[in-house]
Structure formats: C-alpha cells, structure tokens
Amino acid sequence: MRSREGQFSDARPIQRSRAEKEKLLRELKDTLAGLKPHAASMRVTLQARIKELEAEIAPTSR
C-alpha cells in the first residue's frame, strides 16, 4: 500500500516549533532526573537526545 502526501508514513522527520522543542527538552530532562541508576543505556540515549535538542534551540550566531 502506498502512502498519501502528508501521512506519517512518509518517512519525514516531524517538524516541531521552538515551543514544542523546549517542552520536549524539559520533559526529557525530568525523565533523565527520575531514572533509576541501573538504566544506564536509557540514560545515554536521553543525554544524546537532550544535546541534539539544545543544539537546535541554541541561537545561531552570524
């Protein structure tokens, strides 16, 4: 079955606004703070995603 234009199955990244990215960043930081010590692999994954979001949100210098 083929996907139609605009469906989620188009394999395109989700476009988020700056406010949505900031909200996601806060949620990820809260999740990271609440992780148990034995969840090391999840901790590494969350830290990488947090760094990506911080880089996207950071103001670009010209």
# chains A, B, ... in the order shown; residues from 1 in each chain; ligands from 1
>>> residues_around(residues="Arg49 in chain A", least_positions_apart="4", cutoff="12 Å", atoms="only C-alpha atoms", output="count of residues only")
17
>>> decode(residues="range 26-55 of chain A", atoms="N, CA, C and O atoms", output="PDB file, in the first residue's frame")
ATOM      1  N   ARG A  26      12.368  19.932  28.329  1.00  0.00           N
ATOM      2  CA  ARG A  26      12.035  19.885  29.761  1.00  0.00           C
ATOM      3  C   ARG A  26      11.588  18.485  30.177  1.00  0.00           C
ATOM      4  O   ARG A  26      11.991  17.972  31.219  1.00  0.00           O
ATOM      5  N   GLU A  27      10.747  17.860  29.345  1.00  0.00           N
ATOM      6  CA  GLU A  27      10.250  16.522  29.664  1.00  0.00           C
ATOM      7  C   GLU A  27      11.386  15.505  29.687  1.00  0.00           C
ATOM      8  O   GLU A  27      11.425  14.632  30.559  1.00  0.00           O
ATOM      9  N   LEU A  28      12.310  15.616  28.736  1.00  0.00           N
ATOM     10  CA  LEU A  28      13.436  14.687  28.699  1.00  0.00           C
ATOM     11  C   LEU A  28      14.341  14.870  29.915  1.00  0.00           C
ATOM     12  O   LEU A  28      14.820  13.891  30.493  1.00  0.00           O
ATOM     13  N   LYS A  29      14.566  16.109  30.316  1.00  0.00           N
ATOM     14  CA  LYS A  29      15.395  16.367  31.495  1.00  0.00           C
ATOM     15  C   LYS A  29      14.723  15.824  32.755  1.00  0.00           C
ATOM     16  O   LYS A  29      15.392  15.266  33.628  1.00  0.00           O
ATOM     17  N   ASP A  30      13.406  15.967  32.863  1.00  0.00           N
ATOM     18  CA  ASP A  30      12.680  15.419  34.008  1.00  0.00           C
ATOM     19  C   ASP A  30      12.767  13.899  34.026  1.00  0.00           C
ATOM     20  O   ASP A  30      12.949  13.288  35.076  1.00  0.00           O
ATOM     21  N   THR A  31      12.623  13.291  32.850  1.00  0.00           N
ATOM     22  CA  THR A  31      12.724  11.837  32.742  1.00  0.00           C
ATOM     23  C   THR A  31      14.117  11.369  33.139  1.00  0.00           C
ATOM     24  O   THR A  31      14.267  10.386  33.863  1.00  0.00           O
ATOM     25  N   LEU A  32      15.135  12.072  32.669  1.00  0.00           N
ATOM     26  CA  LEU A  32      16.514  11.726  32.997  1.00  0.00           C
ATOM     27  C   LEU A  32      16.763  11.822  34.498  1.00  0.00           C
ATOM     28  O   LEU A  32      17.420  10.965  35.087  1.00  0.00           O
ATOM     29  N   ALA A  33      16.219  12.848  35.125  1.00  0.00           N
ATOM     30  CA  ALA A  33      16.399  13.025  36.563  1.00  0.00           C
ATOM     31  C   ALA A  33      15.718  11.915  37.360  1.00  0.00           C
ATOM     32  O   ALA A  33      16.188  11.546  38.437  1.00  0.00           O
ATOM     33  N   GLY A  34      14.646  11.351  36.829  1.00  0.00           N
ATOM     34  CA  GLY A  34      13.907  10.326  37.548  1.00  0.00           C
ATOM     35  C   GLY A  34      14.321   8.902  37.246  1.00  0.00           C
ATOM     36  O   GLY A  34      13.735   7.966  37.784  1.00  0.00           O
ATOM     37  N   LEU A  35      15.354   8.712  36.426  1.00  0.00           N
ATOM     38  CA  LEU A  35      15.780   7.353  36.075  1.00  0.00           C
ATOM     39  C   LEU A  35      16.475   6.657  37.235  1.00  0.00           C
ATOM     40  O   LEU A  35      17.189   7.276  38.012  1.00  0.00           O
ATOM     41  N   LYS A  36      16.286   5.381  37.301  1.00  0.00           N
ATOM     42  CA  LYS A  36      16.972   4.560  38.293  1.00  0.00           C
ATOM     43  C   LYS A  36      18.433   4.393  37.861  1.00  0.00           C
ATOM     44  O   LYS A  36      18.751   4.464  36.677  1.00  0.00           O
ATOM     45  N   PRO A  37      19.335   4.147  38.795  1.00  0.00           N
ATOM     46  CA  PRO A  37      20.761   4.007  38.459  1.00  0.00           C
ATOM     47  C   PRO A  37      21.077   2.857  37.502  1.00  0.00           C
ATOM     48  O   PRO A  37      22.048   2.916  36.764  1.00  0.00           O
ATOM     49  N   HIS A  38      20.261   1.823  37.487  1.00  0.00           N
ATOM     50  CA  HIS A  38      20.559   0.667  36.641  1.00  0.00           C
ATOM     51  C   HIS A  38      20.116   0.859  35.179  1.00  0.00           C
ATOM     52  O   HIS A  38      20.343  -0.018  34.358  1.00  0.00           O
ATOM     53  N   ALA A  39      19.544   1.976  34.841  1.00  0.00           N
ATOM     54  CA  ALA A  39      19.077   2.239  33.471  1.00  0.00           C
ATOM     55  C   ALA A  39      20.137   3.025  32.696  1.00  0.00           C
ATOM     56  O   ALA A  39      19.862   4.084  32.144  1.00  0.00           O
ATOM     57  N   ALA A  40      21.341   2.494  32.625  1.00  0.00           N
ATOM     58  CA  ALA A  40      22.470   3.207  32.017  1.00  0.00           C
ATOM     59  C   ALA A  40      22.281   3.430  30.519  1.00  0.00           C
ATOM     60  O   ALA A  40      22.591   4.504  30.001  1.00  0.00           O
ATOM     61  N   SER A  41      21.777   2.438  29.804  1.00  0.00           N
ATOM     62  CA  SER A  41      21.626   2.597  28.349  1.00  0.00           C
ATOM     63  C   SER A  41      20.568   3.644  28.014  1.00  0.00           C
ATOM     64  O   SER A  41      20.745   4.433  27.089  1.00  0.00           O
ATOM     65  N   MET A  42      19.509   3.691  28.777  1.00  0.00           N
ATOM     66  CA  MET A  42      18.473   4.698  28.565  1.00  0.00           C
ATOM     67  C   MET A  42      19.013   6.084  28.895  1.00  0.00           C
ATOM     68  O   MET A  42      18.725   7.056  28.217  1.00  0.00           O
ATOM     69  N   ARG A  43      19.847   6.172  29.935  1.00  0.00           N
ATOM     70  CA  ARG A  43      20.442   7.436  30.334  1.00  0.00           C
ATOM     71  C   ARG A  43      21.307   8.007  29.204  1.00  0.00           C
ATOM     72  O   ARG A  43      21.240   9.193  28.894  1.00  0.00           O
ATOM     73  N   VAL A  44      22.109   7.151  28.559  1.00  0.00           N
ATOM     74  CA  VAL A  44      22.974   7.589  27.459  1.00  0.00           C
ATOM     75  C   VAL A  44      22.130   8.090  26.286  1.00  0.00           C
ATOM     76  O   VAL A  44      22.424   9.123  25.683  1.00  0.00           O
ATOM     77  N   THR A  45      21.072   7.374  25.977  1.00  0.00           N
ATOM     78  CA  THR A  45      20.189   7.761  24.878  1.00  0.00           C
ATOM     79  C   THR A  45      19.517   9.105  25.154  1.00  0.00           C
ATOM     80  O   THR A  45      19.452   9.970  24.275  1.00  0.00           O
ATOM     81  N   LEU A  46      19.010   9.289  26.370  1.00  0.00           N
ATOM     82  CA  LEU A  46      18.360  10.545  26.728  1.00  0.00           C
ATOM     83  C   LEU A  46      19.347  11.715  26.698  1.00  0.00           C
ATOM     84  O   LEU A  46      19.008  12.804  26.229  1.00  0.00           O
ATOM     85  N   GLN A  47      20.566  11.496  27.182  1.00  0.00           N
ATOM     86  CA  GLN A  47      21.566  12.563  27.172  1.00  0.00           C
ATOM     87  C   GLN A  47      21.910  12.975  25.748  1.00  0.00           C
ATOM     88  O   GLN A  47      22.068  14.170  25.466  1.00  0.00           O
ATOM     89  N   ALA A  48      21.982  12.015  24.837  1.00  0.00           N
ATOM     90  CA  ALA A  48      22.270  12.337  23.437  1.00  0.00           C
ATOM     91  C   ALA A  48      21.134  13.142  22.824  1.00  0.00           C
ATOM     92  O   ALA A  48      21.372  14.140  22.115  1.00  0.00           O
ATOM     93  N   ARG A  49      19.902  12.768  23.093  1.00  0.00           N
ATOM     94  CA  ARG A  49      18.748  13.497  22.552  1.00  0.00           C
ATOM     95  C   ARG A  49      18.669  14.901  23.142  1.00  0.00           C
ATOM     96  O   ARG A  49      18.320  15.856  22.435  1.00  0.00           O
ATOM     97  N   ILE A  50      18.991  15.042  24.416  1.00  0.00           N
ATOM     98  CA  ILE A  50      18.987  16.356  25.052  1.00  0.00           C
ATOM     99  C   ILE A  50      20.018  17.266  24.401  1.00  0.00           C
ATOM    100  O   ILE A  50      19.751  18.435  24.115  1.00  0.00           O
ATOM    101  N   LYS A  51      21.199  16.737  24.116  1.00  0.00           N
ATOM    102  CA  LYS A  51      22.240  17.535  23.449  1.00  0.00           C
ATOM    103  C   LYS A  51      21.786  17.976  22.058  1.00  0.00           C
ATOM    104  O   LYS A  51      22.028  19.107  21.647  1.00  0.00           O
ATOM    105  N   GLU A  52      21.123  17.078  21.320  1.00  0.00           N
ATOM    106  CA  GLU A  52      20.604  17.425  19.991  1.00  0.00           C
ATOM    107  C   GLU A  52      19.600  18.566  20.078  1.00  0.00           C
ATOM    108  O   GLU A  52      19.658  19.522  19.301  1.00  0.00           O
ATOM    109  N   LEU A  53      18.666  18.467  21.007  1.00  0.00           N
ATOM    110  CA  LEU A  53      17.643  19.499  21.158  1.00  0.00           C
ATOM    111  C   LEU A  53      18.243  20.819  21.600  1.00  0.00           C
ATOM    112  O   LEU A  53      17.843  21.886  21.100  1.00  0.00           O
ATOM    113  N   GLU A  54      19.201  20.780  22.514  1.00  0.00           N
ATOM    114  CA  GLU A  54      19.845  22.015  22.943  1.00  0.00           C
ATOM    115  C   GLU A  54      20.575  22.687  21.795  1.00  0.00           C
ATOM    116  O   GLU A  54      20.585  23.905  21.691  1.00  0.00           O
ATOM    117  N   ALA A  55      21.174  21.892  20.917  1.00  0.00           N
ATOM    118  CA  ALA A  55      21.870  22.448  19.758  1.00  0.00           C
ATOM    119  C   ALA A  55      20.871  23.086  18.789  1.00  0.00           C
ATOM    120  O   ALA A  55      21.146  24.124  18.180  1.00  0.00           O
TER     121      ALA A  55
END
